[in-house]
Structures are given as C-alpha cells and as structure tokens.
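Chemist: Sharing a structure here in structure tokens format.
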Amino acid sequence: MSGAATVNGNHGASQQDDVPLWQFVKQSEFRLPSPVLDVRSIQLGLRGFVRGLLGNRRESESPLEAGADLLALDDARLARLVPSPEWSAVAQALSDHLQPWIEQQNTHKPVLFLVGAPYGGRLETLQALAQSDPFLHVRAPDWRAIVGCDHRWFKSWPRGTGVWVLTQLEKTCLRRPDGLDLVRELLARALSGELGRGIIGCDSWAWAFLRHVWAGRPAFSETVQAFDHARLARLLAPPDEQHRRHHFRQADNGVFVLSPPRSADSLRSSTGFLERLAAYSRGNPGVAAAIWRTALQLLPETGVEPAISETDRRKLDTVWVKPWERVVRPELPADAGMMEAVTLHALLLHDGLPVARLAEMLPRARAQISETLLYLAEAGLVRHCEDDSWRVTAIGYPVVRSFLRVNDYLIDQL
Amino acid sequence: MSGAATVNGNHGASQQDDVPLWQFVKQSEFRLPSPVLDVRSIQLGLRGFVRGLLGNRRESESPLEAGADLLALDDARLARLVPSPEWSAVAQALSDHLQPWIEQQNTHKPVLFLVGAPYGGRLETLQALAQSDPFLHVRAPDWRAIVGCDHRWFKSWPRGTGVWVLTQLEKTCLRRPDGLDLVRELLARALSGELGRGIIGCDSWAWAFLRHVWAGRPAFSETVQAFDHARLARLLAPPDEQHRRHHFRQADNGVFVLSPPRSADSLRSSTGFLERLAAYSRGNPGVAAAIWRTALQLLPETGVEPAISETDRRKLDTVWVKPWERVVRPELPADAGMMEAVTLHALLLHDGLPVARLAEMLPRARAQISETLLYLAEAGLVRHCEDDSWRVTAIGYPVVRSFLRVNDYLIDQL
Amino acid sequence: MDSAERVVSIFRDVSGIAVVQIVAIVVIAWVALLVDQRVLPLLAHRLPARFRLHVLAAIPVVRLLVMIVAAVLVLQRLVDPTLENMVALLGVIGIGLGFALKDYAGSLIAGTVSLYENPYRPGDWISIEGTYGEVKSINLRTVSILTPDDTLVTIPHNTLWNSPVFNSNAGTTNLQCVASFFLKPEHDGQAVRQRLRDVALSSPLVKLSQPVTVVAVETRWGTHYRIRCYPVDPAQQFAFITDLSERGRAALMALGVQFALAAAVAER
Amino acid sequence: MDSAERVVSIFRDVSGIAVVQIVAIVVIAWVALLVDQRVLPLLAHRLPARFRLHVLAAIPVVRLLVMIVAAVLVLQRLVDPTLENMVALLGVIGIGLGFALKDYAGSLIAGTVSLYENPYRPGDWISIEGTYGEVKSINLRTVSILTPDDTLVTIPHNTLWNSPVFNSNAGTTNLQCVASFFLKPEHDGQAVRQRLRDVALSSPLVKLSQPVTVVAVETRWGTHYRIRCYPVDPAQQFAFITDLSERGRAALMALGVQFALAAAVAER
C-alpha cells in the first residue's frame with residue numbers, strides 16, 4: 001500500500017509517464033494542484049488589461065477569420081471527444097493498490113475507507129470494483145431502514161470469503177436526529193471486525209460530517225489523488241479515431257491547449273488553461289471534464305463541400321477551446337443567503353436528496369425548499385436527477401464549495 | 001519469609017551470583033532500578049553533541065562495513081535467542097518463598113496477595129504454581145456473575161487441604177456501579193478466613209483501584225522485585241546452543257551489550273544499554289524483553305557460502321543490538337486526549353477488556369471506542385488478543401503509564 | 001501688574017460699554033428662543049410624519065446656536081478683543097468647562113481604553129448591566145447596542161470602570177447557544193444524551209467546526225439537560241435555539257421520556 | 001515672565017497662524033471621519049462574515065487615529081513647538097486627565113494587589129458576583145473569565161475591593177464537583193450510599209487520589225444525596241457531573257428507589 005497504485009486506462013496508446021493517471025493515496029498525502037500565480041499569467045493578464053484600456057482588439061493573433069461563429073458541440077460529438085474514463089481499469093488499479101492489505105490478514109484494520117469528492121470518480125470506481133471477482137457488493141439501505149435503525153440490514157450482509165464493498169456510506173445516514181443511529185451501528189460493527197473485511201466508499205462531505213458524528217480520525221482513509229494539469233491533459237485527450245486526429249487550440253491565439261499527439265508542429269503548447277482548470281476544479285476529474293466540455297467549440301460545417309483544402313480540413317478537425325476568462329461558469333445569485341446555503345449543504349452532505357427528505361431536514365416549508373431548488377437550478381448549480389433526487393452540478397460544484405466555505409459551513413477536506 | 005527467595009531457573013548453567021534472578025519481596029521493599037544519569041552517559045552524550053556540531057560521523061568506530069544492511073530477526077530466531085522464562089521454576093521459587101507462611105498455621109493471615117505490574121510475570125508464575133501439587137486453582141467468574149454479584153461462585157470454591165490460588169483478582173470486578181460488589185464480597189470472605197488459606201494474584205493497576213474500593217492497605221502483599229541491569233543481563237542471555245555461541249554487540253560501536261560468557265576477549269562490556277533498558281522498563285521483565293526483541297538485528301546471511309572465514313562466522317553469530325537512541329519505541333499520538341486516556345486506563349485496570357465491556361464503562365458510543373482502539377493499535381500501544389479482548393502492548397506499556405501519570409489518572413505503585 | 005488688576009483690565013471702560021446694544025441683543029435672543037420653543041413644535045405637528053422628527057430634532061440645536069451667538073455678541077461689547085484678553089478669558093472658561101466636562105472626559109478616556117482592551121468590538125454580542133445585544137458602533141463617548149428587540153441602547157463607556165462586560169463571541173463568529181430541556185428523572189440518560197447530541201449535529205445551522213456538548217445536572221424538579229453548540233452565523237442565534245428546541249422536543253417525545261414542569265409563580 | 005504671559009506666549013503670533021491650513025486640516029479630518037463612519041460599514045456588509053468583524057472593529061480605531069493626527073497637526077500650527085511650550089501644554093492636559101483617570105488608577109492598583117494576594121490565577125475556576133468561569137488572563141485593569149457558556153467576561157479588578165471571590169481550585173487541579181440526587185425517603189440509605197460511592201469510583205473521569213464522599217440530608221421534599229468528588233481535569237467538570245448523574249440515576253433505578261420531585265417554583 002506504500003506509494004501509489006497506477007492505472008493508465010483511459011485509452012490504449014498514450015503518453016507513458018512516470019506519474020500514473022489515477023493515483024490512490026492515503027488521505028494525508030492528498031495534494032491540491034498548485035494555484036496559478038506564475039509570472040506568465042500575470043504578464044498575460046497585464047497585457048490584456050492594457051489592451052482593454054487602449055481598446056484595440058487582438059484579432060491579429062486569432063487564427064480564425066473575423067466574425068467566424070463558433071458553435072458549441074452537440075452531445076454525440078462531446079461523447080466522442082471527451083469520453084468518460086474506463087472505470088473497470090480504474091477499479092483494477094484500485095484493486096492492485098489494495099492488494100497488500102487484502103493479502104495481509106491484519107486484524108486491526110478490518111475496513112478501509114475510500115473517500116472522494118463529488119464527481120471525483122470514487123463512486124464509479126467502487127461500483128466497478130464491486131462487480132469484479134473477489135469483491136462482494138453491499139446494497140445501501142432504504143431510507144426507512146435508516147430512520148428506524150433497522151438491524152435487518154446487517155442480516156443481509158454478503159457472506160463469503162471475499163472483501164465486501166459498500167460504495168456509498170453517505171447513503172446510510174440522514175442528517176436528522178433519528179437518522180444517525182444506523183451509521184453509528186454500522187461503523188461500530190465494521191471497525192470491530194464483526195462484519196469481516198471490507199471497503200467503505202464515502203463522499204468527502206459526508207466523511208467530514210460523519211467524523212463529528214463518530215469522532216473518527218482519517219487514519220484508514222484512502223483517496224484519489226488530485227489531477228494536476230499534466231494528468232488532466234492525459235485524462236482529457238480523446239482517443240485517436242480512424243483517420244482524424246483532433247487538435248485542441250485556444251480560440252483567441254491558436255495555441256495548442258492539449259499538446260498535439262505525435263507531432264511537433266507547434267512550439268507553444270501550453271496556454272495556462274489546463275493549470276487554471278486544475279486549480280479551479282481542485283484536481284477533481286469530473287468537475288474538470290464538465291468545465292472542459294463547456295469550453296469546447298467548433299467551426300460550423302458549411303454543408304458538403306467536396307473540394308475542401310487540407311488547411312480547411314485541419315481547421316474542421318480542430319476543436320477550439322474558449323480562453324479561460326470566457327468559459328462560462330455558474331455563479332451564486334447575489335442574494336443567496338442562509339436558505340440557499342443550508343439547502344446546498346444538505347445536498348452535498350447526502351450526495352443528492354429528494355425534496356421530501358430535504359423538507360424533513362430543513363426548518364422550512366416544502367414549498368419554500370422547492371422554490372429555492374428551482375432558483376438554484378436556474379443558476380445552473382443544482383439539477384434534478386432521474387432518481388428524483390436533486391444534486392449539485394459538476395460545473396457548479398467549485399463555486400458552491402467556496403460559497404459554503406466563506407459562510408463557515410462545514411466543508412470537505414479534499 | 002525474611003529476606004528474599006531465589007530462583008535461577010532461566011537455563012541450567014549460568015552465572016551464579018549472590019543476587020537471585022527472580023526475587024519475591026514485600027511490596028514495601030520494591031525498589032526501582034536507578035535512573036541512568038551516570039558520568040559516562042553524560043560524557044558520551046557530550047562527545048556525540050560535539051561530533052554532531054563538527055559534522056563528522058564516527059563510522060570508524062562501527063565494526064560493520066559501511067552500508068551493511070541489518071535485518072530484524074524473524075519470530076523463530078527471536079524465540080531461540082530470547083526465550084521466555086521457565087515459569088515452573090519461577091513458581092517453585094515462589095513456593096519456596098511462601099513456605100514459612102504455608103507451614104505456619106497463622107490464622108491472622110488467611111490470604112496473601114501477589115501484586116505485579118502487567119507483563120511482570122506474576123500471572124504466568126501463579127498459573128504455574130496453581131498447577132503444582134499442594135495448590136488448588138480457582139477459576140475466575142464470568143462477567144455476568146460479576147455484574148449480578150452471583151454468590152454461586154463461592155459455592156464452587158475448591159475444597160481440600162491445600163492452599164487455593166486465585167490468579168487474577170482483576171478479573172473479579174468491573175469498573176461500573178454494579179461491578180464492584182462481588183470483589184468486595186470476595187475480599188470480605190477471604191480476609192475473614194472463611195474460604196481457607198489462599199494466594200490472590202492481582203495486577204498492580206487493579207490493586208491500586210481496589211484499594212479505593214475496599215479501603216485496604218498493602219499489608220500482606222508480595223511482589224516480584226524489579227530487574228536491575230545485572231539481572232536483566234542474566235534474564236536476557238540466551239541458552240548456549242550446541243556449537244554456536246551468540247554475541248550481542250552494539251551496532252554503532254561494537255561493544256558487547258551482554259558480557260560474552262566464559263571469555264574475556266573484550267574489556268569493554270557495558271554500553272549503558274541495559275541500564276537504560278532497566279530504567280525505562282521500570283525493571284519489568286516482560287516489557288524489557290519486548291523492547292530487547294525489537295532492538296536485535298542480524299547481518300543478512302548471504303546464501304550458503306562454504307569457505308566462510310572464522311571472522312565471518314563470528315560475525316554471523318553476532319547479534320547486533322541497536323543503540324538505545326535508535327530503538328523504536330511507540331509514542332502516544334500528539335492529539336491523544338481524554339478519550340485515549342480513559343480507554344487505556346480502563347484496559348490497564350482490567351488487564352484487557354473486549355469492546356462490548358468497554359462500551360458499558362466509558363461515556364461514549366461503541367463506534368467511537370472501536371475507532372479509538374484501532375487508532376491506538378495503529379500507534380502500537382494496544383493489540384487485539386485471541387480472547388477478543390484488547391490489551392496494552394508490552395512495548396507500549398511504559399509510555400502509556402507515563403501518559404496516564406502526567407494526566408493525573410490513578411497509576412499503579414510498581 | 002498683579003492678577004486682580006489684570007482681570008479688571010480685560011473689561012473695557014464703562015464708557016465704552018454699549019448698554020443699549022446689549023439689552024437689545026438679549027431681548028432679540030429671548031424672542032428667538034420663544035419662537036423656537038413654541039412655534040416649531042406647532043409647525044412640526046402640522047407636517048407629515050417624515051419631516052416631523054427632523055423639525056423636532058432641530059429645536060435644541062437652534063436654541064444652542066441662538067445662545068452662543070448672543071453670548072458672543074455680548075462679550076464682544078464687554079471685552080476688548082485683544083489677543084491677550086481673549087486668551088485669559090478662554091483660560092477662565094476652560095477651567096469651568098473642565099469641571100463640567102469631567103464625566104465626558106471620563107467617558108472619552110474609557111472609550112480610548114476600550115479600543116485598547118477590546119472588551120467589545122462592533123459585531124460582538126455583549127451584555128452590559130443586563131442589556132444584551134449586538135454592538136453596532138463604538139462612538140467617542142458611548143457604545144451603541146442593538147438588542148434582539150430592535151432597541152438601540154446607548155451606553156456610556158464609563159460603565160466599563162465598574163461593571164463586568166459579558167462578550168459572547170469576543171471578536172470571533174463563534175457564539176455559543178444553549179438549548180435547555182427539563183425531564184423527569186426516570187429515563188435512560190445515555191440514550192437521551194446521545195439523541196440530544198444528534199439533534200445538535202443534525203441542525204442545518206450548527207457550526208460543526210466548534211464542539212457540540214450535552215451536559216446534564218440533577219435538580220430538585222428534574223434533570224436539566226443543556227445542549228451547548230454554535231450557530232454558523234451569530235445573527236441566527238435565536239433561530240438556531242428555536243430549531244434546537246423544536247427538534248429536541250420532537251426527538252425526546254419519540255424516545256418516550258417525560259418532561260418535568262415546574263409550577264411557576266408569576267413575579268410580576 | 002509670569003504664568004499668564006507664558007500661556008499667551010505659547011501661541012504663535014496671529015500673523016504666523018495659518019488659519020487656512022487649520023481649516024483645511026479640520027475639513028479633511030471631518031471628511032475622513034465621515035468616510036470611516038459611513039463607507040466602512042457598507043463595505044463590511046458586502047464582505048464575508050470572516051472579514052466583516054475585522055473591518056467593523058477597525059472603525060473606531062481609524063477614528064481615533066484621524067482625531068489624534070488632526071489634533072497634533074492643528075496644535076503644531078497653533079503652538080510654537082519648543083520644549084518649554086510642549087511641557088506646559090502637556091502639564092495642563094495631564095491635570096485634566098488625572099481627574100478623569102481616577103477609576104482607571106483604582107483598578108490598576110487593585111490589579112497589583114491581586115497579583116500579591118492571589119485570589120485568582122490563570123486557570124482557576126472562580127466566581128465573582130455570580131459569574132462562574134475559568135480565569136483566562138489577568139490584565140492590568142481587568143480579569144477575563146470564560147464561562148461555561150463560552151462568554152468572555154471582563155471584570156475590573158475594582159470589584160475586589162467590595163465583593164468576595166469564590167475560587168474552586170485555588171491554583172491546583174483539584175476542583176470538587178457535586179452531583180445531587182433527590183429520593184423519596186422510603187429507601188435503604190446504606191445501600192444507596194454504597195451504590196452512589198461505587199458510581200463515583202467507577203466513573204472514568206474521577207480523580208481517585210482525592211477522596212470520594214457521599215452525604216445525605218433530609219429535606220422537606222425528600223432525601224438529598226450529594227456525591228462529592230474530583231475530576232481528573234477541572235476542564236471536564238461538567239462532563240464529569242453529567243457522567244455521575246447519568247450513572248447515578250441508572251444505578252438508583254436498578255436499586256428500585258423512587259425519585260422525589262419537588263413542586264418547584266420557577267425562578268425565572
């Protein structure tokens with residue numbers, strides 16, 4: 001378990017680096033990507049400021065024709081260009097990382113916790129892991145079982161020689177006076193070794209809250225290491241299609257944002273975009289990918305033109321990335337106050353909740369909570385999922401987190 | 001009973017000294033090994049400090065090749081090199097020591113107490129004693145009998161002409177409001193002579209606590225005398241194997257830590273290691289042996305080499321002892337507070353407890369107690385034993401004791 | 001020239017004093033004061049409510065101005081306005097003022113001391129002599145407290161010298177709130193304590209970075225439980241206590257414990 | 001040169017006084033004060049809670065600074081800054097201040113006396129005029145006490161002259177706690193007393209090096225038992241009393257004794 005396990009499973013052939021793409025580390029070894037405050041970005045910012053004052057636009061630098069309208073990509077294109085990671089490979093990496101613990105029959109570590117921020121890939125990895133062989137999947141309890149502290153849930157615990165996997169510890173508690181007994185009982189049984197050896201996945205927000213419920217320390221918790229800009233570049237690079245290779249260039253100056261694979265046709269390959277993306281998303285791969293998606297644009301394909309030149313061809317295969325300053329990120333409404341804060345906090349602590357559950361937790365009427373949710377959805381901060389629960393959006397997560405932080409609410413550690 | 005009985009039962013032929021190896025004395029005659037503050041260690045410390053300032057390492061003194069990797073010993077080797085004492089011989093010594101009391105039909109001393117610190121050998125000696133002939137073994141009561149103050153336990157008292165032996169008085173009480181009646185009843189009956197003549201063994205921590213429950217004075221209590229460095233040297237010396245004689249030399253300067261038996265090939269035979277070990281372990285043989293085990297190292301055996309020189313042969317037979325400063329001893333985590341203190345204190349008072357019993361004693365939930373235990377186990381201070389109870393480790397005992405002492409908890413007298 | 005002669009020499013010669021002028025000044029001032037005292041209030045009551053308060057507030061200011069102008073005009077006619085004379089006159093007035101301003105100066109100094117000692121800062125919730133509220137501003141002579149009843153209390157800094165100041169958050173945003181519960185003694189204490197802890201932990205307004213503690217003490221009329229915890233924002237302290245009490249009562253009723261009620265005797 | 005002449009001579013000649021400068025200084029100071037009073041609060045309310053308090057706390061400090069600077073600048077233009085003149089001026093100001101500082105000096109002296117007499121030391125749990133808490137710091141003029149409600153109480157040392165000081169641990173770590181139980185008189189007193197002693201002995205927080213005593217007294221509403229014992233750490237006194245009450249109630253219920261409830265009169 002020392003060091004970090006690796007997976008390079010995004011697509012077959014890619015840059016082989018020393019640093020693995022998905023790193024699993026102890027929570028105490030989690031390191032945020034460094035904030036972007038280098039000389040170059042200050043330089044760029046100053047130049048932009050002076051230009052803004054002088055009023056001259058820098059069309060000259062832009063590789064696009066003036067007035068060329070860039071279009072956002074449709075979902076099918078996006079799915080091809082920004083594929084989601086292959087979770088089974090990530091799960092394999094996690095399994096390799098945990099191998100020493102699985103083999104060593106160490107009785108004083110009956111369970112391991114895998115803590116991860118929302119959209120950080122922790123849930124998908126564990127779901128894939130629970131499907132693979134020596135692992136047994138534990139179903140989350142119904143909310144009625146949580147409120148009633150129904151011990152029958154433990155009766156249905158998977159028996160066998162394997163290691164059980166509970167993917168979502170946050171779904172075993174509800175933040176209400178009668179909703180914390182079950183998780184306490186679960187932790188008591190799991191830590192005493194009564195349930196056998198297992199892996200417990202937990203959202204970082206629920207983890208921060210449960211540490212107060214349970215007074216626990218992050219002794220046995222592992223986490224996914226934050227993605228810095230170099231690893232983000234590998235994560236976001238699309239797989240090569242049959243004959244087309246995509247170039248990702250920044251729309252205002254043509255610089256390659258992801259370095260063009262296997263070619264050296266540009267010396268400038270970094271614009272600071274990925275550094276800022278990594279810092280803004282706190283190295284969270286799901287959040288970074290969601291913002292990346294909104295930043296991509298294409299030239300409109302002007303019908304079927306047979307005699308298309310090679311340069312144009314390349315231009316069409318080029319995906320234009322909005323400059324970081326122009327990437328639209330949601331913002332908290334200016335009048336957001338206590339009600340918005342407690343609603344968002346409750347959603348994060350439980351990794352999504354239906355309105356009926358929210359209404360039992362917050363000291364407000366259900367109509368007011370619904371109204372707040374719609375208001376926040378309007379601002380792009382929450383969305384209504386298929387399972388009838390409301391969740392904070394990936395793209396809105398960074399701003400929600402910093403809003404809760406400045407308002408002194410309990411925030412996660414990742 | 002005047003003076004002290006002796007046993008030299010570690011192994012057949014060894015140094016015959018005036019001082020016996022296992023001494024049994026009245027508790028009032030218990031003497032700690034003198035703390036190490038001699039001129040020599042100050043001298044050594046100063047020399048090391050000056051060398052540290054000047055920056056020159058003293059590789060020259062080390063008898064090992066630079067960069068030679070020393071390995072920790074495996075369990076089989078350890079068992080051969082640091083064997084546990086022969087308890088039957090110690091029990092015989094105790095029996096001899098008690099002979100005057102056994103023979104003299106003194107009615108105003110119906111029972112004797114043998115008090116000993118954890119790992120001090122008191123329990124093993126009494127267990128061996130209870131197996132030998134004129135002694136009858138008393139079984140400890142079930143915890144339900146303690147809580148219910150079940151008098152049927154006295155019904156099952158061994159009858160006969162012999163002297164009964166209750167090995168663990170600490171297992172007849174639980175520190176809860178309903179857990180002290182049985183031990184009070186037991187002491188009342190035993191001291192009135194109702195139960196006949198007997199020997200009661202008691203852990204020193206439980207003894208300190210029971211003195212408050214019972215308001216007793218240490219009138220009839222005997223104990224094992226603390227081991228000073230000279231007796232520790234005899235205790236830790238391994239038995240001679242057929243043709244190999246082991247030398248124990250300090251890794252940094254080659255000085256013999258245990259003086260080489262029947263040879264005078266080194267004038268320097270003391271490094272202060274044993275003095276420090278005796279002082280640190282408060283003369284507790286179990287604790288000293290546990291620390292001694294972690295201090296031993298061997299050169300790796302480089303396969304089967306036929307043409308091995310005599311010097312190399314001797315080097316291989318030499319066990320290298322880490323310098324005292326480099327012996328890894330567990331430490332209390334820096335954030336250890338009230339919860340850790342009460343947990344450790346309860347474990348010491350009862351000489352080990354299962355989690356379920358602990359949870360009934362401490363004002364915290366079971367999950368939190370489990371977590372605290374795992375946290376302390378991670379630090380090497382407690383361990384989970386085969387009988388499902390948690391105990392303070394031998395190697396962690398000194399630091400736990402001093403932690404409880406500085407935090408004003410009730411500590412033992414030994 | 002000794003001091004008595006000098007005091008006399010300040011005044012002009014009697015021949016120089018324009019008695020008629022002085023009398024006229026006094027009479028005009030008296031009429032102006034009369035108008036100020038009688039006419040302005042009448043006027044105020046005819047004006048809409050918005051202006052009324054401003055007009056009423058102007059009355060004492062106008063009175064003070066009239067008096068000062070009259071006094072200066074009279075003095076000008078009595079005293080020769082050389083620099084020496086003015087200085088001496090101001091000195092005499094200064095000593096008189098000094099005595100009169102003793103309390104004012106004391107408050108000013110207390111205000112300065114309060115800036116150094118920081119027993120209250122704007123934004124703190126403090127209690128002085130039984131008045132609890134948020135410090136709105138620290139003025140030269142006084143501290144202004146807004147009570148939960150939305151009453152602005154102006155307390156002179158003077159009180160600092162002899163009264164204790166209770167500061168609930170002391171410059172931080174950590175303000176402890178206490179919710180109390182009174183139960184009949186026959187109940188499972190551990191279960192109640194755990195449940196009350198959960199009540200605090202599950203309040204959406206609780207600040208979890210601060211500790212949550214539940215303490216109990218046996219009283220003559222039952223067991224008194226207290227939840228001690230901190231709201232996220234000190235301004236929400238009353239909403240927070242309300243929320244705790246509400247959840248706590250519901251949770252205790254669900255546990256089936258009985259509340260103890262003291263037979264109260266009204267004091268007033 | 002006698003005193004009156006000196007007072008006059010302190011001031012520069014009228015010609016030397018830059019009236020325009022003085023007016024400008026006053027106007028600038030007034031504008032600065034206005035900005036301080038109006039703009040900073042507005043700014044503060046736009047900032048997150050963490051910064052708000054700091055900005056609000058700066059307002060009176062800024063005001064004091066502006067006033068001092070303005071006063072110094074004006075004086076500089078009024079008075080010739082020779083050493084003699086400054087000493088004379090400071091003397092006059094000093095006498096005025098002396099009267100105002102009477103109470104302050106009294107507290108300072110009481111503070112000095114408290115250091116010698118040691119009625120309270122940092123870390124002691126004391127009660128002065130009904131306020132109970134831990135002494136956090138002893139300052140020049142005041143003693144700061146942190147109550148169990150996490151309220152910082154600043155008490156002037158002055159109170160020492162006329163009020164008793166209750167010190168629960170007096171510089172040691174031995175602080176006696178009392179847990180009370182009220183029982184109906186029909187019970188086996190010896191069994192109850194023994195059980196309550198065991199309750200104290202079996203509390204994990206009890207300091208066993210100090211004595212444990214159980215006393216009982218008959219009152220009009222039942223038998224009042226008190227366990228007197230000491231916690232390991234004075235800071236845990238409330239957790240300790242809670243633990244004793246809880247175990248005690250459970251043990252007494254197991255013994256089958258009945259609790260007495262007084263029809264208490266609510267005090268507040």
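By order of appearance in the structure tokens: chains A, B, ..., then residues from 1 within every chain, and ligands from 1 in the order shown.
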Once you count only C-alpha atoms, what closest atom pair and distance in Å to one decimal does each residue of chain C within 7 Å of chain A have, with rows by chain and rising residue number, as a Markdown table?
Modeler:
| residue | atom | partner | partner_atom | distance |
| --- | --- | --- | --- | --- |
| C:Arg195 | CA | A:Pro177 | CA | 6.4 |
| C:Asp198 | CA | A:Pro177 | CA | 4.9 |
| C:Val199 | CA | A:Pro177 | CA | 4.7 |
| C:Ser202 | CA | A:Arg176 | CA | 4.9 |
| C:Pro204 | CA | A:Val342 | CA | 5.9 |
| C:Lys207 | CA | A:Tyr409 | CA | 6.3 |
| C:Leu208 | CA | A:Leu410 | CA | 5.9 |
| C:Ser209 | CA | A:Leu410 | CA | 6.6 |
| C:Val232 | CA | A:Asp408 | CA | 6.0 |
| C:Asp243 | CA | A:Pro363 | CA | 6.9 |
| C:Ala251 | CA | A:Pro177 | CA | 6.6 |
Chemist: Set the cut-off to 7 Å and count only C-alpha atoms: what are the residues of chain A that reach chain B? Output as a list in words.
Modeler: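 Taken together, these residues fit the definition: His108, Arg184, Glu185, Leu187, Ala188, Leu191, Ser192, Trp214, Ala215 and Gly216 of chain A.
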Chemist: Show which residues sit within 6 Å of D:Ala260, as a PyMOL selection string. Count only C-alpha atoms, and ignore same-chain residues fewer than 6 positions away.
Modeler: chain D and resi 182-184+222
Chemist: Go ahead and dump the residues you just picked, all heavy atoms, as a short mmCIF file (atom, residue, chain, number, x, y, z; two decimals), in the first residue's frame.
Modeler:
data_model
loop_
_atom_site.label_atom_id
_atom_site.label_comp_id
_atom_site.auth_asym_id
_atom_site.auth_seq_id
_atom_site.Cartn_x
_atom_site.Cartn_y
_atom_site.Cartn_z
N PHE D 182 -32.22 13.36 44.42
CA PHE D 182 -33.33 13.61 45.33
C PHE D 182 -34.22 12.38 45.34
O PHE D 182 -34.78 12.01 44.32
CB PHE D 182 -34.11 14.84 44.88
CG PHE D 182 -33.25 16.07 44.79
CD1 PHE D 182 -32.55 16.38 43.64
CD2 PHE D 182 -33.11 16.90 45.90
CE1 PHE D 182 -31.75 17.50 43.57
CE2 PHE D 182 -32.30 18.02 45.83
CZ PHE D 182 -31.62 18.32 44.67
N LEU D 183 -34.32 11.73 46.51
CA LEU D 183 -35.05 10.47 46.59
C LEU D 183 -36.19 10.60 47.59
O LEU D 183 -36.13 11.37 48.54
CB LEU D 183 -34.11 9.35 47.05
CG LEU D 183 -32.88 9.10 46.19
CD1 LEU D 183 -32.09 7.94 46.75
CD2 LEU D 183 -33.28 8.82 44.76
N LYS D 184 -37.24 9.78 47.35
CA LYS D 184 -38.30 9.68 48.35
C LYS D 184 -37.72 9.00 49.59
O LYS D 184 -36.88 8.10 49.47
CB LYS D 184 -39.47 8.89 47.79
CG LYS D 184 -40.18 9.69 46.71
CD LYS D 184 -41.53 9.11 46.38
CE LYS D 184 -42.19 9.99 45.35
NZ LYS D 184 -43.30 9.32 44.67
N GLY D 222 -37.80 15.43 50.33
CA GLY D 222 -37.19 14.12 50.16
C GLY D 222 -35.77 14.12 50.69
O GLY D 222 -35.32 15.07 51.34
#
Chemist: Just want the 12 Å neighbourhood of C:Leu64, counted on only C-alpha atoms, with same-chain residues fewer than 6 positions away dropped. Output as a PyMOL selection string.
Modeler: chain C and resi 29+32-33+36-37+58+70-71
Chemist: Within 8 Å of chain D, which residues of chain C show up when using only C-alpha atoms, listed as a PyMOL selection string?
Modeler: chain C and resi 84+87-88+98+102-103+105-106+109+112+115+119+121-123+138-139+160-173+175-178+185-186+188-190+215-222+228+233+262-265
